[in-house]
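Visitor: Provided below: structure.cif, containing mmCIF, C-alpha atoms and all ligand atoms.
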data_input
loop_
_atom_site.label_atom_id
_atom_site.label_comp_id
_atom_site.auth_asym_id
_atom_site.auth_seq_id
_atom_site.Cartn_x
_atom_site.Cartn_y
_atom_site.Cartn_z
CA MET A 1 0.00 0.00 0.00
CA GLU A 2 1.23 3.47 -0.85
CA LYS A 3 2.17 5.52 2.19
CA LYS A 4 -0.16 8.40 2.92
CA PRO A 5 1.28 11.87 3.53
CA ILE A 6 1.08 12.66 7.22
CA THR A 7 -1.47 15.49 6.85
CA ALA A 8 -3.84 13.17 4.96
CA LEU A 9 -3.36 10.52 7.60
CA ILE A 10 -4.21 12.97 10.38
CA ARG A 11 -7.27 14.17 8.47
CA ASP A 12 -8.55 10.64 7.84
CA LEU A 13 -7.83 9.31 11.30
CA PRO A 14 -11.08 8.74 13.22
CA LYS A 15 -10.58 11.06 16.17
CA VAL A 16 -11.94 11.27 19.70
CA GLU A 17 -11.69 14.42 21.76
CA LEU A 18 -11.83 14.07 25.54
CA HIS A 19 -10.81 17.48 26.85
CA VAL A 20 -12.69 20.41 25.35
CA HIS A 21 -14.82 23.01 27.16
CA LEU A 22 -17.99 24.05 25.36
CA GLU A 23 -17.62 27.63 26.62
CA GLY A 24 -14.01 27.65 25.36
CA THR A 25 -15.08 26.83 21.80
CA VAL A 26 -16.21 30.46 21.46
CA THR A 27 -14.19 32.16 18.72
CA PRO A 28 -13.89 35.96 18.41
CA ALA A 29 -16.47 35.86 15.58
CA PHE A 30 -18.91 33.76 17.60
CA TRP A 31 -18.46 36.06 20.61
CA LYS A 32 -19.21 39.08 18.41
CA SER A 33 -22.41 37.53 17.07
CA LEU A 34 -23.48 36.61 20.61
CA LEU A 35 -22.93 40.19 21.82
CA GLU A 36 -24.81 41.55 18.80
CA LYS A 37 -27.75 39.27 19.59
CA HIS A 38 -28.17 40.74 23.07
CA GLN A 39 -26.99 44.33 22.99
CA ALA A 40 -27.06 47.46 20.81
CA ALA A 41 -24.70 47.22 17.84
CA GLU A 42 -22.77 50.39 18.76
CA SER A 43 -21.79 48.92 22.14
CA VAL A 44 -20.30 45.74 20.62
CA PRO A 45 -16.49 45.76 20.33
CA SER A 46 -14.96 45.24 16.90
CA LEU A 47 -13.72 41.82 15.82
CA GLU A 48 -10.16 43.10 16.14
CA GLU A 49 -10.74 44.23 19.72
CA LEU A 50 -12.18 40.84 20.62
CA GLU A 51 -9.29 39.06 18.91
CA ASN A 52 -6.87 41.11 21.00
CA ARG A 53 -8.55 39.95 24.19
CA PHE A 54 -7.65 36.38 23.18
CA GLN A 55 -3.95 37.11 23.78
CA TYR A 56 -3.30 36.24 27.41
CA ALA A 57 -0.44 37.46 29.56
CA SER A 58 -1.12 34.84 32.24
CA PHE A 59 -3.39 31.97 33.31
CA ASP A 60 -5.37 34.44 35.48
CA GLN A 61 -5.96 36.73 32.54
CA PHE A 62 -7.26 33.80 30.53
CA LEU A 63 -9.72 33.01 33.37
CA GLU A 64 -10.88 36.65 33.25
CA VAL A 65 -11.69 36.47 29.53
CA PHE A 66 -13.36 33.08 30.06
CA ARG A 67 -15.61 34.75 32.67
CA ASP A 68 -16.47 37.63 30.34
CA ILE A 69 -17.46 35.19 27.61
CA ILE A 70 -19.70 33.28 30.00
CA PHE A 71 -21.40 36.53 31.03
CA SER A 72 -22.31 37.11 27.36
CA PHE A 73 -24.62 34.07 27.35
CA LYS A 74 -28.13 35.24 28.17
CA THR A 75 -30.61 32.64 26.92
CA PRO A 76 -30.74 28.83 26.64
CA ASP A 77 -30.76 29.00 22.84
CA ASP A 78 -27.35 30.74 22.89
CA PHE A 79 -26.08 27.28 23.84
CA TYR A 80 -27.94 25.71 20.93
CA ASP A 81 -25.97 28.03 18.63
CA LEU A 82 -22.69 27.25 20.37
CA THR A 83 -23.20 23.48 20.29
CA ILE A 84 -24.00 23.60 16.56
CA HIS A 85 -20.93 25.80 16.00
CA TYR A 86 -18.58 23.39 17.82
CA LEU A 87 -20.01 20.12 16.51
CA HIS A 88 -19.82 21.25 12.89
CA GLN A 89 -16.16 22.12 13.40
CA ALA A 90 -15.59 18.79 15.15
CA ALA A 91 -17.30 16.75 12.42
CA ALA A 92 -15.22 18.55 9.77
CA GLN A 93 -12.08 17.28 11.58
CA ASN A 94 -13.38 13.71 11.54
CA ILE A 95 -13.95 13.75 15.28
CA ARG A 96 -16.33 10.83 15.70
CA TYR A 97 -16.93 11.07 19.40
CA CYS A 98 -16.36 13.79 21.98
CA GLU A 99 -16.82 14.20 25.70
CA VAL A 100 -17.42 17.92 26.03
CA MET A 101 -17.02 19.72 29.36
CA MET A 102 -19.23 22.55 30.50
CA THR A 103 -20.05 24.35 33.73
CA PRO A 104 -23.79 25.10 33.70
CA TRP A 105 -23.62 26.68 37.16
CA PHE A 106 -22.06 29.86 35.70
CA VAL A 107 -25.15 30.65 33.66
CA VAL A 108 -27.78 28.96 35.84
CA GLN A 109 -26.89 31.24 38.77
CA ARG A 110 -27.36 34.18 36.39
CA GLY A 111 -30.91 33.15 35.59
CA ILE A 112 -30.81 30.57 32.79
CA ASP A 113 -33.04 27.56 33.49
CA TYR A 114 -30.97 24.37 33.73
CA ARG A 115 -33.51 22.08 32.05
CA GLU A 116 -34.03 24.50 29.15
CA LEU A 117 -30.28 24.90 28.76
CA MET A 118 -29.72 21.15 28.55
CA ALA A 119 -32.68 20.74 26.21
CA GLU A 120 -31.14 23.27 23.79
CA ILE A 121 -27.73 21.58 23.87
CA ASN A 122 -29.38 18.21 23.37
CA LYS A 123 -31.46 19.49 20.43
CA ALA A 124 -28.35 20.85 18.71
CA ALA A 125 -26.40 17.64 19.29
CA ARG A 126 -29.24 15.49 17.95
CA GLU A 127 -29.41 17.57 14.79
CA VAL A 128 -25.69 17.32 14.07
CA GLU A 129 -25.58 13.64 15.03
CA ALA A 130 -28.39 12.94 12.56
CA SER A 131 -26.49 14.47 9.66
CA HIS A 132 -22.84 13.70 10.56
CA ASP A 133 -20.88 10.73 11.87
CA ILE A 134 -20.31 12.14 15.35
CA GLU A 135 -21.56 11.58 18.87
CA MET A 136 -21.37 13.97 21.81
CA LYS A 137 -21.46 13.27 25.53
CA LEU A 138 -21.09 15.83 28.33
CA ILE A 139 -18.95 16.18 31.42
CA LEU A 140 -20.09 18.78 33.95
CA ASP A 141 -17.00 20.53 35.28
CA GLY A 142 -16.99 21.82 38.86
CA PRO A 143 -15.18 25.19 39.24
CA ARG A 144 -12.91 24.50 42.23
CA ASN A 145 -12.18 28.21 42.87
CA PHE A 146 -15.82 28.67 43.88
CA GLY A 147 -15.56 26.15 46.71
CA LYS A 148 -17.17 22.89 47.74
CA LYS A 149 -20.76 24.08 47.76
CA VAL A 150 -20.67 25.16 44.12
CA VAL A 151 -18.84 22.02 43.00
CA LYS A 152 -21.52 19.95 44.73
CA GLU A 153 -24.26 21.97 43.01
CA VAL A 154 -22.66 21.24 39.62
CA PHE A 155 -22.46 17.54 40.44
CA TYR A 156 -26.10 17.63 41.58
CA MET A 157 -27.00 19.11 38.18
CA ALA A 158 -25.16 16.21 36.51
CA ILE A 159 -27.25 13.75 38.49
CA GLN A 160 -30.44 15.61 37.51
CA ASP A 161 -29.66 15.45 33.78
CA GLN A 162 -32.54 14.14 31.74
CA THR A 163 -30.97 14.22 28.31
CA GLY A 164 -28.79 11.14 28.86
CA ARG A 165 -25.74 13.04 27.68
CA VAL A 166 -23.99 13.65 31.00
CA ILE A 167 -21.70 10.73 31.75
CA ALA A 168 -19.12 12.24 34.09
CA VAL A 169 -18.15 15.14 36.30
CA GLY A 170 -14.82 16.94 36.55
CA LEU A 171 -12.93 19.60 38.45
CA GLY A 172 -11.23 22.61 36.88
CA GLY A 173 -9.67 25.95 37.86
CA ASP A 174 -6.97 26.89 40.35
CA GLU A 175 -5.55 23.57 41.61
CA ALA A 176 -2.73 25.21 43.58
CA ASN A 177 -5.04 27.05 45.97
CA TYR A 178 -7.97 24.61 45.87
CA PRO A 179 -6.37 21.17 46.20
CA ALA A 180 -7.90 17.79 45.39
CA GLU A 181 -8.25 16.80 49.08
CA ASP A 182 -11.00 19.42 49.51
CA TYR A 183 -13.36 17.62 47.13
CA LEU A 184 -13.37 14.02 48.36
CA GLU A 185 -16.99 14.01 49.46
CA GLU A 186 -18.19 15.55 46.21
CA PHE A 187 -16.40 12.95 44.09
CA ASP A 188 -17.75 10.10 46.22
CA TYR A 189 -21.21 11.58 45.88
CA ALA A 190 -20.96 11.72 42.07
CA ARG A 191 -19.68 8.15 41.80
CA ALA A 192 -22.39 6.89 44.15
CA HIS A 193 -24.84 8.21 41.54
CA GLY A 194 -23.21 6.32 38.70
CA LEU A 195 -21.11 9.12 37.22
CA GLN A 196 -17.52 8.78 36.05
CA THR A 197 -14.95 11.21 37.49
CA ILE A 198 -12.09 13.12 35.91
CA ALA A 199 -10.11 16.24 36.94
CA HIS A 200 -7.68 18.86 35.76
CA ALA A 201 -4.34 18.14 37.46
CA GLY A 202 -0.79 19.12 36.63
CA GLU A 203 -1.86 22.29 34.80
CA THR A 204 -0.68 24.95 37.27
CA ALA A 205 0.37 22.70 40.17
CA GLY A 206 2.75 19.76 39.96
CA GLU A 207 3.33 16.16 40.97
CA GLN A 208 1.54 16.20 44.34
CA SER A 209 -1.63 17.54 42.76
CA MET A 210 -1.63 14.64 40.28
CA LEU A 211 -0.89 12.06 43.01
CA ASP A 212 -3.76 13.37 45.15
CA THR A 213 -6.13 13.52 42.22
CA ILE A 214 -5.56 9.83 41.52
CA ASN A 215 -5.24 8.59 45.11
CA LEU A 216 -7.91 10.69 46.78
CA LEU A 217 -10.35 11.65 44.04
CA LYS A 218 -9.90 8.40 42.08
CA ALA A 219 -10.13 10.33 38.81
CA LYS A 220 -9.99 8.15 35.69
CA ARG A 221 -8.48 10.86 33.52
CA LEU A 222 -6.23 13.79 34.32
CA GLY A 223 -6.27 16.97 32.26
CA HIS A 224 -2.90 18.60 31.33
CA CYS A 225 -0.46 16.44 33.41
CA LEU A 226 2.64 18.64 33.18
CA GLY A 227 5.64 17.60 35.30
CA ILE A 228 5.49 13.81 35.61
CA PRO A 229 9.02 12.73 36.61
CA LYS A 230 10.44 9.65 34.91
CA ASN A 231 10.55 6.49 37.05
CA SER A 232 8.51 8.18 39.79
CA GLU A 233 5.84 6.95 42.17
CA LEU A 234 3.37 8.96 40.10
CA GLU A 235 4.36 7.12 36.94
CA LYS A 236 3.74 3.77 38.65
CA LEU A 237 0.41 4.95 40.02
CA ILE A 238 -0.80 6.08 36.57
CA GLU A 239 -0.05 2.63 35.21
CA LYS A 240 -1.52 0.75 38.18
CA GLU A 241 -4.78 2.71 38.14
CA GLY A 242 -5.11 2.78 34.36
CA VAL A 243 -5.41 6.57 34.28
CA THR A 244 -5.47 8.32 30.90
CA LEU A 245 -3.53 11.57 30.48
CA ASP A 246 -5.34 14.25 28.47
CA LEU A 247 -2.71 16.68 27.19
CA CYS A 248 -3.58 20.13 25.84
CA PRO A 249 -0.31 21.48 24.36
CA TRP A 250 -1.44 24.73 22.72
CA SER A 251 -3.56 25.59 25.74
CA ASN A 252 -0.46 25.43 27.96
CA VAL A 253 1.46 27.74 25.61
CA ASN A 254 -1.44 30.20 25.36
CA THR A 255 -1.94 30.47 29.12
CA LYS A 256 1.86 30.83 29.60
CA VAL A 257 2.04 27.71 31.77
CA ILE A 258 4.94 26.68 29.50
CA ALA A 259 7.18 29.07 27.58
CA SER A 260 7.03 27.39 24.16
CA ILE A 261 5.44 24.44 22.38
CA GLU A 262 8.87 22.73 22.21
CA GLU A 263 8.87 22.59 26.01
CA HIS A 264 5.74 20.47 26.12
CA PRO A 265 6.50 16.90 27.25
CA MET A 266 4.07 15.20 24.81
CA TYR A 267 6.69 13.24 22.89
CA ASP A 268 8.67 12.30 25.98
CA TYR A 269 5.50 10.99 27.53
CA LEU A 270 4.62 8.96 24.43
CA THR A 271 8.07 7.38 24.30
CA ARG A 272 7.83 6.54 28.02
CA GLY A 273 4.67 4.61 27.12
CA TYR A 274 2.18 6.83 28.98
CA PRO A 275 -1.42 6.63 27.73
CA ILE A 276 -1.57 10.21 26.45
CA THR A 277 -4.24 11.84 24.31
CA LEU A 278 -4.14 15.16 22.44
CA ASN A 279 -6.85 17.75 23.02
CA SER A 280 -7.71 21.34 22.17
CA ASP A 281 -9.10 22.41 25.62
CA ASP A 282 -10.53 25.81 24.59
CA PRO A 283 -10.05 25.77 20.81
CA GLY A 284 -11.93 29.00 20.04
CA MET A 285 -10.06 30.94 22.68
CA PHE A 286 -6.64 29.54 21.75
CA GLY A 287 -6.98 29.50 17.96
CA THR A 288 -6.42 25.77 17.94
CA SER A 289 -8.30 22.59 17.01
CA LEU A 290 -7.75 18.88 17.50
CA MET A 291 -6.34 18.75 13.94
CA LYS A 292 -3.86 21.50 14.83
CA GLU A 293 -2.75 19.62 17.97
CA TYR A 294 -2.05 16.49 15.89
CA GLU A 295 -0.37 18.49 13.12
CA THR A 296 1.87 20.27 15.63
CA PHE A 297 2.84 16.92 17.11
CA ALA A 298 3.65 15.63 13.62
CA ASP A 299 5.64 18.76 12.62
CA LEU A 300 7.75 18.68 15.76
CA TYR A 301 8.42 14.95 16.12
CA LYS A 302 7.85 13.31 12.72
CA PRO A 303 6.01 10.39 14.33
CA SER A 304 5.33 7.11 12.58
CA ALA A 305 1.79 6.23 11.48
CA GLU A 306 1.78 3.73 14.31
CA GLN A 307 2.55 6.44 16.87
CA LEU A 308 -0.28 8.63 15.56
CA GLY A 309 -2.54 5.59 15.73
CA THR A 310 -1.50 5.09 19.35
CA LEU A 311 -2.56 8.65 20.20
CA ALA A 312 -5.95 8.12 18.56
CA LYS A 313 -6.44 4.74 20.21
CA ASN A 314 -5.49 6.10 23.64
CA ALA A 315 -8.39 8.53 23.31
CA VAL A 316 -10.78 5.73 22.38
CA ASN A 317 -9.61 3.58 25.30
CA GLY A 318 -9.66 6.48 27.79
CA SER A 319 -13.17 7.53 26.83
CA PHE A 320 -16.38 6.43 28.51
CA MET A 321 -17.96 5.09 25.31
CA PRO A 322 -19.39 1.53 25.28
CA GLU A 323 -16.91 -1.31 24.66
CA GLY A 324 -18.48 -2.28 21.32
CA LYS A 325 -17.97 1.21 19.93
CA LYS A 326 -14.36 1.21 21.18
CA ILE A 327 -13.62 -2.03 19.31
CA GLU A 328 -15.11 -0.65 16.07
CA LEU A 329 -13.13 2.60 16.23
CA ILE A 330 -9.88 0.84 17.12
CA ARG A 331 -10.29 -1.47 14.15
CA GLU A 332 -10.83 1.54 11.91
CA ILE A 333 -7.76 3.32 13.29
CA ASP A 334 -5.62 0.20 12.85
CA ASN A 335 -6.72 -0.08 9.22
CA ILE A 336 -5.64 3.49 8.52
CA CYS A 337 -2.37 3.41 10.46
CA ILE A 338 -0.87 0.20 9.10
ZN ZN B 401 -9.55 22.18 30.54
#
Translate the structure described by the file into structure tokens.

Guide:
Amino acid sequence: MEKKPITALIRDLPKVELHVHLEGTVTPAFWKSLLEKHQAAESVPSLEELENRFQYASFDQFLEVFRDIIFSFKTPDDFYDLTIHYLHQAAAQNIRYCEVMMTPWFVVQRGIDYRELMAEINKAAREVEASHDIEMKLILDGPRNFGKKVVKEVFYMAIQDQTGRVIAVGLGGDEANYPAEDYLEEFDYARAHGLQTIAHAGETAGEQSMLDTINLLKAKRLGHCLGIPKNSELEKLIEKEGVTLDLCPWSNVNTKVIASIEEHPMYDYLTRGYPITLNSDDPGMFGTSLMKEYETFADLYKPSAEQLGTLAKNAVNGSFMPEGKKIELIREIDNICI
């Protein structure tokens, strides 16, 4: 068989995305249209001004812009528009399955009805799923900076979901000041109600945060995972517990958590045999996409087809999709990557 050029291989690879925030899929153009929908045209910043806000000097500044975007959502059908916007982009990248994070609490506490919000997201997903080969599930992400009570409220919302899309809960935000040990009860509570659990760890805090997130919170996937020392206790624990590592390289560069893309440990991790996946995190806000994450990996490290296949299969195996669907997708990936 003739060897495919790497860009064609990446395009054709059936992809799974496990770490992407619905709110973070907002692009400057989408943000502009959202502002125009709800306020007088003359008060809406120009596209250029909005694009400039997407350059972050620090992780905190990124969180500020994230908050401003969330405050621009006023009605449940804004989330219909956003879900359509993201899923069309995802389907165009041959993403077949995604577990999308969102934090409904941010907009529910500002007056949007939770059931209506979920109904709009579900309607959008059903429409795109009917016309494209893609499936979307949801993970409700607890904002740790807002404390235990809010995280519990988010997890309670996950339990109340009636759309059948919510399969897991997570924890995001400032892990250095709001450590894993504070959320034990909340994670137990979610699991007792049949939900899977994941968490951001190793984004802005290091090894101990990842150890605690696995040992105490029993998270099945970690988001970001920067700073895993070779031959460490953490490395052994990841293997023993079968934890998947969801890496978000361009996100870490954009929020200045690492100084350059070359500093990201993605290739080191792959060669050490860690079960890593590539993800876009907040693609609209970082000008990235899952395709771009794969293409960057390929440009920097010239991986073999087999290595790219491993990345794609890690995402299938680390997902919460049914076993039968995993087997089908893995077979398809193997056929392409031989
Ligand atoms: Zn994230």

Visitor: Quick one: residues within 9 Å of stretch 153-166 of chain A, all atoms listed in the file counted, chain neighbours fewer than 2 positions away excluded, as number ranges by chain?

Guide: A: 99, 103-105, 114-115, 118-119, 122, 136-143, 148-151, 168-170, 186-187, 189-190, 193-195

Visitor: Pick out the residues no farther than 8 Å from ligand ZN 401 (chain B), counting only C-alpha atoms and all ligand atoms, and list them as a list in words.

Guide: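 Sorted by chain and then by number, the residues are His19, Val20, His21, Met101, Gly172, His200, Gly223, His224, Cys248, Asp281 and Asp282 of chain A.
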
Visitor: List the neighbours of A:Ser72 out to 9 Å using all atoms listed in the file; skip same-chain residues closer than 5 positions along the sequence, and give me the result as a PyMOL selection string.

Guide: chain A and resi 31+34-35+38+67

Visitor: Could I get the residues of stretch 43-139 of chain A with an atom no further than 10 Å from an atom of stretch 284-289 of chain A, each paired with its nearest atom pair and that distance in Å to one decimal, using all atoms listed in the file, sorted by chain and residue number, as JSON lines?

Guide:
{"residue": "A:Glu51", "atom": "CA", "partner": "A:Met285", "partner_atom": "CA", "distance": 9.0}
{"residue": "A:Arg53", "atom": "CA", "partner": "A:Met285", "partner_atom": "CA", "distance": 9.3}
{"residue": "A:Phe54", "atom": "CA", "partner": "A:Met285", "partner_atom": "CA", "distance": 6.0}
{"residue": "A:Gln55", "atom": "CA", "partner": "A:Phe286", "partner_atom": "CA", "distance": 8.3}
{"residue": "A:Tyr56", "atom": "CA", "partner": "A:Phe286", "partner_atom": "CA", "distance": 9.4}
{"residue": "A:Phe62", "atom": "CA", "partner": "A:Met285", "partner_atom": "CA", "distance": 8.8}
{"residue": "A:Val65", "atom": "CA", "partner": "A:Met285", "partner_atom": "CA", "distance": 9.0}
{"residue": "A:Phe66", "atom": "CA", "partner": "A:Met285", "partner_atom": "CA", "distance": 8.4}
{"residue": "A:Ile69", "atom": "CA", "partner": "A:Met285", "partner_atom": "CA", "distance": 9.9}
{"residue": "A:Tyr86", "atom": "CA", "partner": "A:Gly284", "partner_atom": "CA", "distance": 9.0}
{"residue": "A:Gln89", "atom": "CA", "partner": "A:Ser289", "partner_atom": "CA", "distance": 8.7}
{"residue": "A:Ala90", "atom": "CA", "partner": "A:Ser289", "partner_atom": "CA", "distance": 8.4}
{"residue": "A:Gln93", "atom": "CA", "partner": "A:Ser289", "partner_atom": "CA", "distance": 8.5}

Visitor: Within 9 Å of A:Tyr294, counting only C-alpha atoms, which residues show up once you throw out same-chain ones fewer than 6 positions away? Write them as a list in words, please.

Guide: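 Surrounding residues, per the criterion: Ile10, Leu278, Asn279, Leu308 and Leu311 of chain A.
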
Visitor: Output the selection as a CSV table (one decimal), in the frame of the given file - C-alpha atoms for each residue.

Guide:
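In the end it all went to again_20.csv:
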chain,number,residue,atom,x,y,z
A,10,ILE,CA,-4.2,13.0,10.4
A,278,LEU,CA,-4.1,15.2,22.4
A,279,ASN,CA,-6.8,17.8,23.0
A,308,LEU,CA,-0.3,8.6,15.6
A,311,LEU,CA,-2.6,8.6,20.2

Visitor: Compare A:Thr277, A:Asn254, A:Thr213, A:Asn94 by their minimum atom-to-atom distance to A:Leu237, counting only C-alpha atoms, and give me the closest one.

Guide: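 Between A:Thr277, A:Asn254, A:Thr213, A:Asn94, the residue approaching A:Leu237 most closely is A:Thr213.
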
Visitor: Could you add the missing atoms to stretch 66-83 of chain A, up to N, CA and C atoms, and return them as an mmCIF file, in the frame of the given file?

Guide:
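For reference, part07.cif as written:
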data_model
loop_
_atom_site.group_PDB
_atom_site.id
_atom_site.type_symbol
_atom_site.label_atom_id
_atom_site.label_comp_id
_atom_site.auth_asym_id
_atom_site.auth_seq_id
_atom_site.Cartn_x
_atom_site.Cartn_y
_atom_site.Cartn_z
ATOM 1 N N PHE A 66 -12.421 34.201 30.010
ATOM 2 C CA PHE A 66 -13.360 33.080 30.060
ATOM 3 C C PHE A 66 -14.647 33.539 30.790
ATOM 4 N N ARG A 67 -14.454 34.256 31.898
ATOM 5 C CA ARG A 67 -15.610 34.750 32.670
ATOM 6 C C ARG A 67 -16.428 35.742 31.835
ATOM 7 N N ASP A 68 -15.754 36.647 31.146
ATOM 8 C CA ASP A 68 -16.470 37.630 30.340
ATOM 9 C C ASP A 68 -17.274 36.969 29.223
ATOM 10 N N ILE A 69 -16.723 35.922 28.663
ATOM 11 C CA ILE A 69 -17.460 35.190 27.610
ATOM 12 C C ILE A 69 -18.720 34.578 28.213
ATOM 13 N N ILE A 70 -18.551 33.931 29.356
ATOM 14 C CA ILE A 70 -19.700 33.280 30.000
ATOM 15 C C ILE A 70 -20.811 34.298 30.298
ATOM 16 N N PHE A 71 -20.407 35.505 30.710
ATOM 17 C CA PHE A 71 -21.400 36.530 31.030
ATOM 18 C C PHE A 71 -22.146 37.012 29.779
ATOM 19 N N SER A 72 -21.635 36.693 28.604
ATOM 20 C CA SER A 72 -22.310 37.110 27.360
ATOM 21 C C SER A 72 -23.448 36.179 26.989
ATOM 22 N N PHE A 73 -23.519 35.006 27.618
ATOM 23 C CA PHE A 73 -24.620 34.070 27.350
ATOM 24 C C PHE A 73 -25.827 34.479 28.168
ATOM 25 N N LYS A 74 -26.951 34.715 27.462
ATOM 26 C CA LYS A 74 -28.130 35.240 28.170
ATOM 27 C C LYS A 74 -29.315 34.285 28.125
ATOM 28 N N THR A 75 -29.414 33.481 27.079
ATOM 29 C CA THR A 75 -30.610 32.640 26.920
ATOM 30 C C THR A 75 -30.199 31.199 26.589
ATOM 31 N N PRO A 76 -31.090 30.231 26.921
ATOM 32 C CA PRO A 76 -30.740 28.830 26.640
ATOM 33 C C PRO A 76 -30.376 28.591 25.175
ATOM 34 N N ASP A 77 -31.042 29.289 24.252
ATOM 35 C CA ASP A 77 -30.760 29.000 22.840
ATOM 36 C C ASP A 77 -29.393 29.526 22.374
ATOM 37 N N ASP A 78 -28.749 30.366 23.192
ATOM 38 C CA ASP A 78 -27.350 30.740 22.890
ATOM 39 C C ASP A 78 -26.494 29.466 22.889
ATOM 40 N N PHE A 79 -26.856 28.518 23.754
ATOM 41 C CA PHE A 79 -26.080 27.280 23.840
ATOM 42 C C PHE A 79 -26.421 26.306 22.713
ATOM 43 N N TYR A 80 -27.625 26.466 22.164
ATOM 44 C CA TYR A 80 -27.940 25.710 20.930
ATOM 45 C C TYR A 80 -26.970 26.166 19.840
ATOM 46 N N ASP A 81 -26.853 27.469 19.677
ATOM 47 C CA ASP A 81 -25.970 28.030 18.630
ATOM 48 C C ASP A 81 -24.527 27.571 18.835
ATOM 49 N N LEU A 82 -24.086 27.604 20.091
ATOM 50 C CA LEU A 82 -22.690 27.250 20.370
ATOM 51 C C LEU A 82 -22.431 25.766 20.105
ATOM 52 N N THR A 83 -23.378 24.925 20.497
ATOM 53 C CA THR A 83 -23.200 23.480 20.290
ATOM 54 C C THR A 83 -23.147 23.151 18.797
#
